[in-house]
>>> print(open('work18.txt').read())   # compact mmCIF, C-alpha atoms
# COMPACT_ATOMS: atom_id res chain seq x y z
CA MET S 1 147.76 160.27 149.08
CA ALA S 2 146.57 163.11 146.86
CA LEU S 3 145.34 166.33 148.39
CA PRO S 4 141.58 166.92 148.16
CA VAL S 5 140.49 169.13 145.28
CA ALA S 6 139.19 171.79 147.67
CA THR S 7 142.60 171.97 149.38
CA GLN S 8 144.42 172.25 146.05
CA ILE S 9 142.08 175.04 144.93
CA LYS S 10 142.77 176.86 148.21
CA TYR S 11 146.54 176.64 147.73
CA TRP S 12 146.41 177.78 144.11
CA GLY S 13 144.03 180.59 145.09
CA ILE S 14 146.47 181.75 147.77
CA ALA S 15 149.30 181.70 145.21
CA ALA S 16 147.25 183.80 142.77
CA ALA S 17 146.33 186.27 145.54
CA VAL S 18 149.99 186.62 146.53
CA PHE S 19 150.94 187.24 142.90
CA LEU S 20 148.35 190.01 142.54
CA ALA S 21 149.32 191.50 145.91
CA VAL S 22 152.97 191.65 144.84
CA LEU S 23 152.00 193.47 141.66
CA TRP S 24 149.85 195.89 143.63
CA VAL S 25 152.33 196.63 146.45
CA LEU S 26 155.66 196.63 144.61
CA GLY S 27 154.40 198.18 141.38
CA ASP S 28 157.16 200.04 139.57
CA VAL S 29 159.84 198.54 141.82
CA ILE S 30 159.64 195.19 140.05
CA MET S 31 159.21 196.70 136.58
CA PRO S 32 162.91 196.51 135.59
CA PHE S 33 163.00 192.87 136.64
CA LEU S 34 159.90 192.07 134.61
CA VAL S 35 161.35 193.88 131.60
CA GLY S 36 164.63 192.03 132.03
CA ALA S 37 162.80 188.70 132.30
CA ALA S 38 160.79 189.50 129.15
CA ILE S 39 163.98 190.32 127.24
CA ALA S 40 165.63 187.09 128.45
CA TYR S 41 162.56 185.06 127.45
CA PHE S 42 162.54 186.69 124.01
CA LEU S 43 166.25 186.03 123.41
CA ASP S 44 166.50 182.50 124.86
CA PRO S 45 165.82 180.74 121.51
CA PHE S 46 168.66 182.70 119.90
CA ALA S 47 171.02 181.63 122.67
CA ASP S 48 169.90 178.01 122.24
CA ARG S 49 170.61 178.19 118.51
CA LEU S 50 174.10 179.55 119.11
CA GLU S 51 174.71 176.73 121.58
CA ALA S 52 173.55 174.24 118.96
CA LEU S 53 176.22 175.68 116.65
CA GLY S 54 178.90 174.77 119.20
CA LEU S 55 179.25 177.93 121.29
CA SER S 56 179.11 177.83 125.07
CA ARG S 57 176.17 179.39 126.89
CA VAL S 58 178.36 182.17 128.26
CA LEU S 59 179.80 183.06 124.85
CA SER S 60 176.34 182.92 123.27
CA VAL S 61 174.91 185.32 125.84
CA VAL S 62 177.92 187.65 125.52
CA LEU S 63 177.53 187.82 121.73
CA ILE S 64 173.79 188.51 122.03
CA THR S 65 174.47 191.20 124.64
CA ILE S 66 177.08 192.95 122.49
CA LEU S 67 174.77 192.90 119.47
CA GLY S 68 171.90 194.23 121.58
CA LEU S 69 174.03 197.05 122.96
CA LEU S 70 175.15 198.04 119.47
CA ILE S 71 171.55 198.15 118.25
CA PHE S 72 170.47 200.14 121.32
CA ILE S 73 173.28 202.68 120.86
CA ALA S 74 172.44 203.06 117.17
CA MET S 75 168.77 203.60 118.02
CA ALA S 76 169.63 206.11 120.76
CA LEU S 77 171.90 208.12 118.47
CA LEU S 78 169.99 207.94 115.20
CA VAL S 79 166.31 207.20 115.75
CA VAL S 80 165.29 208.56 119.16
CA PRO S 81 166.28 212.21 118.53
CA THR S 82 164.46 212.26 115.19
CA LEU S 83 161.43 210.52 116.67
CA THR S 84 161.27 213.02 119.55
CA SER S 85 161.66 216.05 117.28
CA GLN S 86 158.97 214.79 114.89
CA ALA S 87 156.57 214.06 117.75
CA THR S 88 157.12 217.55 119.14
CA ALA S 89 156.68 219.11 115.71
CA LEU S 90 153.49 217.11 115.14
CA ILE S 91 151.96 218.45 118.35
CA GLU S 92 153.07 221.99 117.59
CA SER S 93 151.65 221.84 114.06
CA ALA S 94 148.32 220.39 115.17
CA PRO S 95 146.62 223.83 115.39
CA GLU S 96 147.76 224.59 111.84
CA LEU S 97 146.42 221.26 110.64
CA SER S 98 143.14 222.03 112.38
CA ARG S 99 142.93 225.40 110.60
CA LYS S 100 143.61 223.75 107.25
CA LEU S 101 140.86 221.24 107.92
CA GLN S 102 138.54 224.08 108.87
CA ASN S 103 139.34 225.95 105.63
CA PHE S 104 138.78 222.79 103.61
CA VAL S 105 135.38 222.25 105.21
CA ASN S 106 134.51 225.91 104.63
CA GLN S 107 135.31 225.60 100.94
CA GLN S 108 133.71 222.23 100.32
CA PHE S 109 130.75 222.35 102.74
CA PRO S 110 129.90 226.02 103.36
CA ASP S 111 126.40 225.29 104.68
CA ILE S 112 127.73 222.90 107.33
CA ALA S 113 130.62 225.06 108.48
CA ASP S 114 128.87 228.41 109.09
CA ALA S 115 129.92 230.53 112.02
CA GLU S 116 127.30 229.06 114.35
CA SER S 117 127.66 225.40 113.38
CA ALA S 118 128.71 222.81 115.92
CA LEU S 119 131.35 221.46 113.53
CA ARG S 120 133.10 224.81 113.20
CA LYS S 121 133.04 225.38 116.94
CA SER S 122 134.42 221.88 117.51
CA LEU S 123 137.31 222.44 115.11
CA ILE S 124 138.17 225.77 116.71
CA GLY S 125 137.98 224.20 120.15
CA ILE S 126 140.21 221.30 119.14
CA GLY S 127 142.84 223.62 117.70
CA ASP S 128 142.84 225.89 120.76
CA THR S 129 143.02 222.94 123.14
CA ILE S 130 145.91 221.33 121.32
CA LYS S 131 147.74 224.63 121.14
CA GLU S 132 147.30 225.22 124.88
CA ARG S 133 147.70 221.67 126.11
CA GLY S 134 149.92 220.02 123.50
CA GLY S 135 153.26 221.09 124.94
CA GLU S 136 152.06 220.47 128.47
CA MET S 137 150.86 216.99 127.51
CA LEU S 138 154.17 216.14 125.86
CA GLN S 139 156.10 217.28 128.92
CA THR S 140 153.79 215.24 131.17
CA ILE S 141 154.28 212.13 129.05
CA LEU S 142 158.04 212.56 128.99
CA GLY S 143 158.05 213.22 132.72
CA SER S 144 155.99 210.11 133.42
CA VAL S 145 158.25 207.99 131.28
CA SER S 146 161.29 209.43 133.03
CA SER S 147 159.81 208.63 136.42
CA LEU S 148 158.99 205.08 135.43
CA ILE S 149 162.03 204.24 133.36
CA ASN S 150 164.91 206.33 134.68
CA VAL S 151 168.47 206.29 133.43
CA ALA S 152 169.58 203.72 135.99
CA VAL S 153 166.83 201.32 134.93
CA LEU S 154 167.56 201.73 131.22
CA PHE S 155 171.33 201.52 131.35
CA VAL S 156 172.03 199.37 134.40
CA ILE S 157 169.28 197.30 135.99
CA VAL S 158 167.41 195.98 132.93
CA PRO S 159 170.51 194.89 130.96
CA VAL S 160 172.06 193.26 134.04
CA VAL S 161 168.85 191.40 134.92
CA ALA S 162 168.36 190.29 131.31
CA PHE S 163 171.99 189.13 131.04
CA TYR S 164 171.95 186.95 134.15
CA LEU S 165 168.47 185.54 133.53
CA LEU S 166 169.43 184.65 129.95
CA LEU S 167 172.64 183.07 131.20
CA ASP S 168 170.82 180.93 133.79
CA TRP S 169 167.55 180.42 131.92
CA ASP S 170 167.88 176.68 131.32
CA ARG S 171 169.10 176.04 134.88
CA MET S 172 166.17 178.05 136.28
CA ILE S 173 163.67 176.04 134.24
CA ALA S 174 165.27 172.79 135.43
CA ARG S 175 165.15 173.98 139.05
CA ILE S 176 161.49 174.94 138.78
CA ASP S 177 160.72 171.57 137.22
CA ASP S 178 162.45 169.87 140.15
CA LEU S 179 160.17 171.72 142.59
CA LEU S 180 156.91 170.67 140.90
CA PRO S 181 154.61 168.39 142.92
CA ARG S 182 155.42 164.93 141.57
CA GLU S 183 151.83 163.79 141.20
CA HIS S 184 150.86 166.77 139.06
CA ALA S 185 154.19 167.34 137.32
CA PRO S 186 153.16 165.81 133.94
CA VAL S 187 150.02 167.95 133.74
CA ILE S 188 151.86 171.11 134.83
CA ARG S 189 154.60 170.44 132.26
CA TYR S 190 151.95 170.00 129.55
CA LEU S 191 150.22 173.25 130.51
CA ALA S 192 153.55 175.06 130.71
CA ARG S 193 154.46 173.88 127.19
CA GLU S 194 151.11 175.07 125.86
CA ILE S 195 151.48 178.44 127.58
CA ASP S 196 155.01 178.78 126.23
CA LYS S 197 153.81 177.91 122.73
CA THR S 198 151.11 180.58 122.96
CA MET S 199 153.41 183.21 124.47
CA SER S 200 156.33 182.50 122.16
CA GLY S 201 154.09 182.53 119.11
CA PHE S 202 152.64 185.87 120.12
CA ILE S 203 155.44 187.73 121.91
CA ARG S 204 158.37 186.56 119.79
CA GLY S 205 156.41 186.28 116.57
CA MET S 206 154.34 189.44 116.80
CA GLY S 207 157.24 191.34 118.34
CA THR S 208 159.30 190.56 115.25
CA VAL S 209 156.39 191.44 112.96
CA CYS S 210 155.87 194.78 114.76
CA LEU S 211 159.57 195.59 114.46
CA ILE S 212 159.72 194.73 110.76
CA LEU S 213 156.52 196.57 109.85
CA GLY S 214 157.32 199.58 112.03
CA THR S 215 160.70 199.91 110.35
CA TYR S 216 159.16 199.46 106.90
CA TYR S 217 156.38 202.00 107.49
CA ALA S 218 158.77 204.59 108.94
CA VAL S 219 161.38 204.25 106.18
CA ALA S 220 158.83 204.05 103.34
CA LEU S 221 156.85 207.08 104.57
CA MET S 222 160.03 209.12 104.95
CA VAL S 223 161.13 208.09 101.45
CA VAL S 224 157.83 209.28 99.91
CA GLY S 225 158.33 212.58 101.77
CA LEU S 226 155.70 212.48 104.53
CA GLN S 227 156.73 215.06 107.10
CA PHE S 228 156.02 212.94 110.19
CA GLY S 229 156.72 209.56 108.62
CA LEU S 230 158.93 208.27 111.43
CA VAL S 231 156.32 208.97 114.10
CA VAL S 232 153.50 207.46 112.06
CA GLY S 233 155.58 204.38 111.25
CA ALA S 234 156.47 203.91 114.93
CA ILE S 235 152.82 204.18 115.96
CA ALA S 236 151.68 201.77 113.23
CA GLY S 237 154.37 199.24 114.14
CA LEU S 238 153.65 199.52 117.87
CA VAL S 239 149.97 198.55 117.57
CA THR S 240 150.41 195.97 114.80
CA PHE S 241 150.09 193.19 117.41
CA ILE S 242 146.31 193.76 117.15
CA PRO S 243 145.32 192.48 113.68
CA TYR S 244 144.51 195.27 111.19
CA VAL S 245 144.56 197.95 113.91
CA GLY S 246 148.16 198.97 113.19
CA ALA S 247 147.50 199.45 109.50
CA LEU S 248 144.14 201.14 110.18
CA VAL S 249 145.47 203.62 112.74
CA GLY S 250 148.70 204.28 110.87
CA GLY S 251 146.97 204.45 107.51
CA VAL S 252 144.30 206.92 108.65
CA LEU S 253 146.92 209.09 110.37
CA ALA S 254 149.34 208.97 107.43
CA ILE S 255 146.72 209.63 104.75
CA GLY S 256 145.22 212.43 106.84
CA LEU S 257 148.62 214.09 107.16
CA ALA S 258 149.32 213.47 103.46
CA LEU S 259 146.09 215.21 102.49
CA PHE S 260 147.23 218.37 104.27
CA GLN S 261 150.83 218.18 103.10
CA PHE S 262 150.26 217.04 99.50
CA TRP S 263 146.77 218.45 98.78
CA GLY S 264 146.35 218.35 95.02
CA ASP S 265 149.33 216.03 94.53
CA TRP S 266 147.34 212.83 94.26
CA VAL S 267 150.36 210.78 93.22
CA SER S 268 152.09 211.44 96.55
CA ILE S 269 148.87 210.78 98.47
CA GLY S 270 148.43 207.52 96.56
CA MET S 271 152.01 206.53 97.35
CA VAL S 272 151.36 207.06 101.07
CA ALA S 273 148.24 204.88 100.85
CA GLY S 274 150.17 202.32 98.82
CA VAL S 275 152.76 201.99 101.58
CA PHE S 276 150.08 200.61 103.92
CA VAL S 277 148.46 198.45 101.24
CA ILE S 278 151.81 196.79 100.53
CA GLY S 279 152.45 196.46 104.27
CA GLN S 280 149.14 194.66 104.80
CA ILE S 281 149.77 192.32 101.86
CA VAL S 282 153.23 191.42 103.15
CA GLU S 283 152.00 191.02 106.74
CA GLY S 284 148.97 188.89 105.89
CA ASN S 285 150.65 186.62 103.34
CA PHE S 286 154.23 186.32 104.55
CA LEU S 287 155.16 187.79 107.94
CA THR S 288 152.31 186.65 110.18
CA PRO S 289 151.96 183.11 108.72
CA LYS S 290 155.73 182.54 108.87
CA LEU S 291 156.58 184.20 112.19
CA VAL S 292 153.38 183.78 114.21
CA GLY S 293 151.34 180.98 112.66
CA ASN S 294 147.61 180.48 112.65
CA SER S 295 147.05 178.97 116.08
CA VAL S 296 148.52 181.40 118.59
CA GLY S 297 145.44 181.11 120.80
CA LEU S 298 145.20 184.79 121.84
CA HIS S 299 142.09 186.39 120.40
CA PRO S 300 142.51 190.15 119.83
CA VAL S 301 139.42 190.98 121.94
CA TRP S 302 140.68 188.83 124.82
CA LEU S 303 144.10 190.47 124.57
CA ILE S 304 142.65 194.00 124.60
CA PHE S 305 140.50 193.09 127.60
CA ALA S 306 143.51 191.72 129.51
CA LEU S 307 145.63 194.78 128.69
CA SER S 308 142.82 197.11 129.76
CA VAL S 309 142.08 195.33 133.05
CA PHE S 310 145.68 194.80 134.16
CA GLY S 311 146.69 198.26 132.97
CA ALA S 312 143.87 199.87 134.95
CA LEU S 313 144.59 197.84 138.10
CA PHE S 314 148.38 197.74 138.13
CA GLY S 315 149.53 200.42 135.71
CA PHE S 316 152.44 199.84 133.35
CA VAL S 317 153.57 196.76 135.30
CA GLY S 318 150.13 195.24 134.82
CA MET S 319 150.40 195.74 131.06
CA LEU S 320 153.74 193.89 131.09
CA VAL S 321 152.20 190.80 132.70
CA ALA S 322 148.88 191.02 130.84
CA VAL S 323 149.99 188.93 127.84
CA PRO S 324 151.51 186.05 129.89
CA VAL S 325 148.50 185.99 132.20
CA ALA S 326 146.08 186.10 129.24
CA ALA S 327 147.98 183.25 127.57
CA ALA S 328 147.96 181.19 130.78
CA ILE S 329 144.25 181.75 131.41
CA GLY S 330 143.44 180.85 127.81
CA VAL S 331 145.41 177.59 128.03
CA LEU S 332 143.79 176.70 131.36
CA ILE S 333 140.31 177.38 129.98
CA ARG S 334 140.95 175.20 126.92
CA PHE S 335 142.35 172.47 129.18
CA ALA S 336 139.28 172.66 131.44
CA VAL S 337 136.90 172.60 128.45
CA GLY S 338 138.70 169.53 127.06
CA HIS S 339 138.30 167.68 130.36
CA TYR S 340 134.68 168.79 130.61
CA LYS S 341 133.90 167.34 127.16
CA ASP S 342 135.49 164.05 128.22
CA SER S 343 133.50 163.96 131.44
CA GLN S 344 130.27 162.19 132.20
CA LEU S 345 128.68 165.55 132.97
CA TYR S 346 129.03 166.51 129.30
CA ARG S 347 128.50 163.12 127.64
CA GLY S 348 125.82 161.86 129.99
CA THR S 349 125.26 158.30 131.06
CA SER S 350 124.88 157.07 127.46
CA GLY S 351 128.44 158.15 126.59
CA HIS S 352 127.60 159.92 123.30
CA ASP S 353 127.90 163.56 122.37
CA GLY S 354 124.27 164.04 121.28
CA THR S 355 125.01 164.70 117.60
>>> encode(input="work18.txt", output="structure tokens")
Amino acid sequence: MALPVATQIKYWGIAAAVFLAVLWVLGDVIMPFLVGAAIAYFLDPFADRLEALGLSRVLSVVLITILGLLIFIAMALLVVPTLTSQATALIESAPELSRKLQNFVNQQFPDIADAESALRKSLIGIGDTIKERGGEMLQTILGSVSSLINVAVLFVIVPVVAFYLLLDWDRMIARIDDLLPREHAPVIRYLAREIDKTMSGFIRGMGTVCLILGTYYAVALMVVGLQFGLVVGAIAGLVTFIPYVGALVGGVLAIGLALFQFWGDWVSIGMVAGVFVIGQIVEGNFLTPKLVGNSVGLHPVWLIFALSVFGALFGFVGMLVAVPVAAAIGVLIRFAVGHYKDSQLYRGTSGHDGT
């Protein structure tokens, strides 16, 4: 005999409350395990493909782990020091950039930028604030990152968790499937497949797009000679998961820096702008359609809302679970809407849709 709907809602409500309570209480403690699970989820298709080629699961995971370690070591030795030095230099040069902007405004718009104007005072205030607070802010950010992701987490816990979860991923899924309530198992499996399709399309697809575009922007901007090209490329690639925002933020930042660095050299400024134009053309016509598809099911506004809410409530851990939770809620809402449109409440007693 099936449980009453009210009882089922109570049980699922308790499960959701326990999930949120765990996030709230444990916080950063479970972060390495969530990161490890996310890495295992991202890499599972690659392990499945290696198995399809005839390798065992153990050998597949070992090969993926070795490749990942090599990439991580290369990044740590080659990219991270340059990225850190450029970020520090960008903060330190911000007052100089502010002074150059002030001089430009003085030359081009003398009536606006007189000594008593609000614009001039704002520029002076921005420069002084950055000069006083820039180094302190950078140290605070680095200190916060160090407190959240310490050496043990980076080099021990996360790789170990990711390795074992990737190794046992298929067995874990089979075990979870065996524990599903038999009466609702088909529906739960259907919803799980839809959630996985949404998450895989977004996380794996957009993650790959962000990596490709971030690398392209960083390399291309450094080739054209932009002083902080690596930092700008990293920022643009990081926020590319929100359509057009990555190119907009990176483009505005890069062109703004190029105007100060290459003022008068319009060819170099045009080349910096061209980097982002080419990036958008490649992303819109090749990368996103091929790697993500057109029916991911995560609207940018819904994604930003989920990141904001979970980030505010649960910090960095909340941001890690925001995308899976947003994907799950979206699938559940579409499922509920589909059942509603098939119900008598929507169609009425006549059985037609009213069109």
>>> closest_residue(input="work18.txt", among="S:Ala326, S:Ala40, S:Met31, S:Ala220", to="Val277 (chain S)", atoms="all atoms listed in the file")
S:Ala220
>>> atom_distance(input="work18.txt", atom1="CA of Glu51 (chain S)", atom2="CA of Leu320 (chain S)")
28.7 Å
>>> closest_residue(input="work18.txt", among="S:Ile9, S:Leu43, S:Ala328, S:Leu291", to="Asp196 (chain S)", atoms="all atoms listed in the file")
S:Ala328
>>> closest_residue(input="work18.txt", among="S:Pro324, S:Gly237, S:Gly284, S:Gly348", to="Cys210 (chain S)", atoms="all atoms listed in the file")
S:Gly237
>>> residues_around(input="work18.txt", residues="Leu226 (chain S)", least_positions_apart="4", cutoff="8 Å", atoms="only C-alpha atoms", output="MDAnalysis selection string")
chainID S and resid 221:222 254 257:258 261 272
>>> residues_around(input="work18.txt", residues="Ile329 (chain S)", least_positions_apart="6", cutoff="10 Å", atoms="all atoms listed in the file", output="list in words")
Ile195, Val323 and Phe335 of chain S
>>> residues_around(input="work18.txt", residues="Val331 (chain S)", least_positions_apart="2", cutoff="12 Å", atoms="all atoms listed in the file", output="MDAnalysis selection string")
chainID S and resid 188 190:199 296:298 324:329 333:338
>>> closest_residue(input="work18.txt", among="S:Ser60, S:Gln280, S:Gln227, S:Thr215", to="Phe262 (chain S)", atoms="only C-alpha atoms")
S:Gln227
>>> closest_residue(input="work18.txt", among="S:Ala236, S:Val249, S:Met75, S:Leu50", to="Val209 (chain S)", atoms="all atoms listed in the file")
S:Ala236
>>> closest_residue(input="work18.txt", among="S:Phe202, S:Trp24, S:Trp12, S:Tyr41", to="Asp170 (chain S)", atoms="only C-alpha atoms")
S:Tyr41
>>> atom_distance(input="work18.txt", atom1="CA of Gly36 (chain S)", atom2="CA of Val156 (chain S)")
10.7 Å
>>> residues_around(input="work18.txt", residues="Val317 (chain S)", least_positions_apart="5", cutoff="12 Å", atoms="only C-alpha atoms", output="PyMOL selection string")
chain S and resi 20+22-35+38+148-149+307+309-312+322-323
>>> decode(input="work18.txt", residues="region 263-287 of chain S", atoms="N, CA, C and O atoms", output="PDB file, in the first residue's frame")
ATOM      1  N   TRP S 263      47.815  53.790 -25.489  1.00  0.00           N
ATOM      2  CA  TRP S 263      47.111  54.993 -25.948  1.00  0.00           C
ATOM      3  C   TRP S 263      47.811  55.606 -27.159  1.00  0.00           C
ATOM      4  O   TRP S 263      49.005  55.888 -27.131  1.00  0.00           O
ATOM      5  N   GLY S 264      47.049  55.752 -28.224  1.00  0.00           N
ATOM      6  CA  GLY S 264      47.595  56.247 -29.486  1.00  0.00           C
ATOM      7  C   GLY S 264      47.947  55.150 -30.461  1.00  0.00           C
ATOM      8  O   GLY S 264      47.990  55.385 -31.667  1.00  0.00           O
ATOM      9  N   ASP S 265      48.190  53.935 -29.946  1.00  0.00           N
ATOM     10  CA  ASP S 265      48.490  52.793 -30.812  1.00  0.00           C
ATOM     11  C   ASP S 265      47.186  52.026 -31.039  1.00  0.00           C
ATOM     12  O   ASP S 265      46.884  51.032 -30.388  1.00  0.00           O
ATOM     13  N   TRP S 266      46.409  52.519 -32.002  1.00  0.00           N
ATOM     14  CA  TRP S 266      45.062  51.975 -32.193  1.00  0.00           C
ATOM     15  C   TRP S 266      45.088  50.570 -32.770  1.00  0.00           C
ATOM     16  O   TRP S 266      44.109  49.822 -32.627  1.00  0.00           O
ATOM     17  N   VAL S 267      46.173  50.202 -33.421  1.00  0.00           N
ATOM     18  CA  VAL S 267      46.280  48.837 -33.944  1.00  0.00           C
ATOM     19  C   VAL S 267      46.312  47.836 -32.789  1.00  0.00           C
ATOM     20  O   VAL S 267      45.594  46.826 -32.790  1.00  0.00           O
ATOM     21  N   SER S 268      47.133  48.122 -31.778  1.00  0.00           N
ATOM     22  CA  SER S 268      47.224  47.217 -30.626  1.00  0.00           C
ATOM     23  C   SER S 268      45.900  47.173 -29.858  1.00  0.00           C
ATOM     24  O   SER S 268      45.460  46.103 -29.417  1.00  0.00           O
ATOM     25  N   ILE S 269      45.257  48.326 -29.706  1.00  0.00           N
ATOM     26  CA  ILE S 269      43.964  48.361 -29.023  1.00  0.00           C
ATOM     27  C   ILE S 269      42.935  47.554 -29.811  1.00  0.00           C
ATOM     28  O   ILE S 269      42.134  46.802 -29.243  1.00  0.00           O
ATOM     29  N   GLY S 270      42.956  47.708 -31.140  1.00  0.00           N
ATOM     30  CA  GLY S 270      42.036  46.924 -31.975  1.00  0.00           C
ATOM     31  C   GLY S 270      42.312  45.435 -31.895  1.00  0.00           C
ATOM     32  O   GLY S 270      41.382  44.621 -31.929  1.00  0.00           O
ATOM     33  N   MET S 271      43.579  45.058 -31.769  1.00  0.00           N
ATOM     34  CA  MET S 271      43.916  43.640 -31.646  1.00  0.00           C
ATOM     35  C   MET S 271      43.384  43.071 -30.329  1.00  0.00           C
ATOM     36  O   MET S 271      42.891  41.936 -30.294  1.00  0.00           O
ATOM     37  N   VAL S 272      43.454  43.856 -29.261  1.00  0.00           N
ATOM     38  CA  VAL S 272      42.903  43.402 -27.976  1.00  0.00           C
ATOM     39  C   VAL S 272      41.388  43.200 -28.094  1.00  0.00           C
ATOM     40  O   VAL S 272      40.845  42.185 -27.644  1.00  0.00           O
ATOM     41  N   ALA S 273      40.707  44.174 -28.714  1.00  0.00           N
ATOM     42  CA  ALA S 273      39.265  44.031 -28.919  1.00  0.00           C
ATOM     43  C   ALA S 273      38.959  42.842 -29.826  1.00  0.00           C
ATOM     44  O   ALA S 273      37.994  42.096 -29.595  1.00  0.00           O
ATOM     45  N   GLY S 274      39.799  42.641 -30.851  1.00  0.00           N
ATOM     46  CA  GLY S 274      39.578  41.530 -31.772  1.00  0.00           C
ATOM     47  C   GLY S 274      39.692  40.167 -31.103  1.00  0.00           C
ATOM     48  O   GLY S 274      39.034  39.211 -31.517  1.00  0.00           O
ATOM     49  N   VAL S 275      40.546  40.079 -30.081  1.00  0.00           N
ATOM     50  CA  VAL S 275      40.670  38.818 -29.344  1.00  0.00           C
ATOM     51  C   VAL S 275      39.314  38.385 -28.793  1.00  0.00           C
ATOM     52  O   VAL S 275      38.923  37.214 -28.892  1.00  0.00           O
ATOM     53  N   PHE S 276      38.560  39.330 -28.224  1.00  0.00           N
ATOM     54  CA  PHE S 276      37.272  38.988 -27.626  1.00  0.00           C
ATOM     55  C   PHE S 276      36.195  38.804 -28.689  1.00  0.00           C
ATOM     56  O   PHE S 276      35.273  38.005 -28.507  1.00  0.00           O
ATOM     57  N   VAL S 277      36.293  39.531 -29.788  1.00  0.00           N
ATOM     58  CA  VAL S 277      35.332  39.315 -30.877  1.00  0.00           C
ATOM     59  C   VAL S 277      35.477  37.903 -31.433  1.00  0.00           C
ATOM     60  O   VAL S 277      34.489  37.175 -31.622  1.00  0.00           O
ATOM     61  N   ILE S 278      36.715  37.491 -31.689  1.00  0.00           N
ATOM     62  CA  ILE S 278      36.955  36.132 -32.183  1.00  0.00           C
ATOM     63  C   ILE S 278      36.506  35.104 -31.156  1.00  0.00           C
ATOM     64  O   ILE S 278      35.895  34.075 -31.497  1.00  0.00           O
ATOM     65  N   GLY S 279      36.792  35.372 -29.874  1.00  0.00           N
ATOM     66  CA  GLY S 279      36.373  34.444 -28.823  1.00  0.00           C
ATOM     67  C   GLY S 279      34.872  34.251 -28.791  1.00  0.00           C
ATOM     68  O   GLY S 279      34.385  33.126 -28.638  1.00  0.00           O
ATOM     69  N   GLN S 280      34.114  35.345 -28.932  1.00  0.00           N
ATOM     70  CA  GLN S 280      32.657  35.247 -28.934  1.00  0.00           C
ATOM     71  C   GLN S 280      32.139  34.494 -30.158  1.00  0.00           C
ATOM     72  O   GLN S 280      31.188  33.715 -30.056  1.00  0.00           O
ATOM     73  N   ILE S 281      32.757  34.736 -31.318  1.00  0.00           N
ATOM     74  CA  ILE S 281      32.340  34.023 -32.532  1.00  0.00           C
ATOM     75  C   ILE S 281      32.572  32.521 -32.375  1.00  0.00           C
ATOM     76  O   ILE S 281      31.695  31.701 -32.681  1.00  0.00           O
ATOM     77  N   VAL S 282      33.749  32.152 -31.881  1.00  0.00           N
ATOM     78  CA  VAL S 282      34.069  30.734 -31.702  1.00  0.00           C
ATOM     79  C   VAL S 282      33.163  30.105 -30.648  1.00  0.00           C
ATOM     80  O   VAL S 282      32.650  28.992 -30.827  1.00  0.00           O
ATOM     81  N   GLU S 283      32.935  30.827 -29.534  1.00  0.00           N
ATOM     82  CA  GLU S 283      32.081  30.278 -28.478  1.00  0.00           C
ATOM     83  C   GLU S 283      30.650  30.079 -28.961  1.00  0.00           C
ATOM     84  O   GLU S 283      30.048  29.024 -28.761  1.00  0.00           O
ATOM     85  N   GLY S 284      30.079  31.118 -29.593  1.00  0.00           N
ATOM     86  CA  GLY S 284      28.678  31.048 -29.992  1.00  0.00           C
ATOM     87  C   GLY S 284      28.393  30.079 -31.116  1.00  0.00           C
ATOM     88  O   GLY S 284      27.310  29.494 -31.176  1.00  0.00           O
ATOM     89  N   ASN S 285      29.352  29.887 -32.030  1.00  0.00           N
ATOM     90  CA  ASN S 285      29.099  29.068 -33.213  1.00  0.00           C
ATOM     91  C   ASN S 285      29.690  27.668 -33.147  1.00  0.00           C
ATOM     92  O   ASN S 285      29.239  26.785 -33.895  1.00  0.00           O
ATOM     93  N   PHE S 286      30.657  27.455 -32.264  1.00  0.00           N
ATOM     94  CA  PHE S 286      31.316  26.146 -32.238  1.00  0.00           C
ATOM     95  C   PHE S 286      31.337  25.525 -30.837  1.00  0.00           C
ATOM     96  O   PHE S 286      30.818  24.428 -30.635  1.00  0.00           O
ATOM     97  N   LEU S 287      31.923  26.222 -29.875  1.00  0.00           N
ATOM     98  CA  LEU S 287      32.148  25.598 -28.563  1.00  0.00           C
ATOM     99  C   LEU S 287      30.848  25.285 -27.831  1.00  0.00           C
ATOM    100  O   LEU S 287      30.601  24.133 -27.451  1.00  0.00           O
TER     101      LEU S 287
END
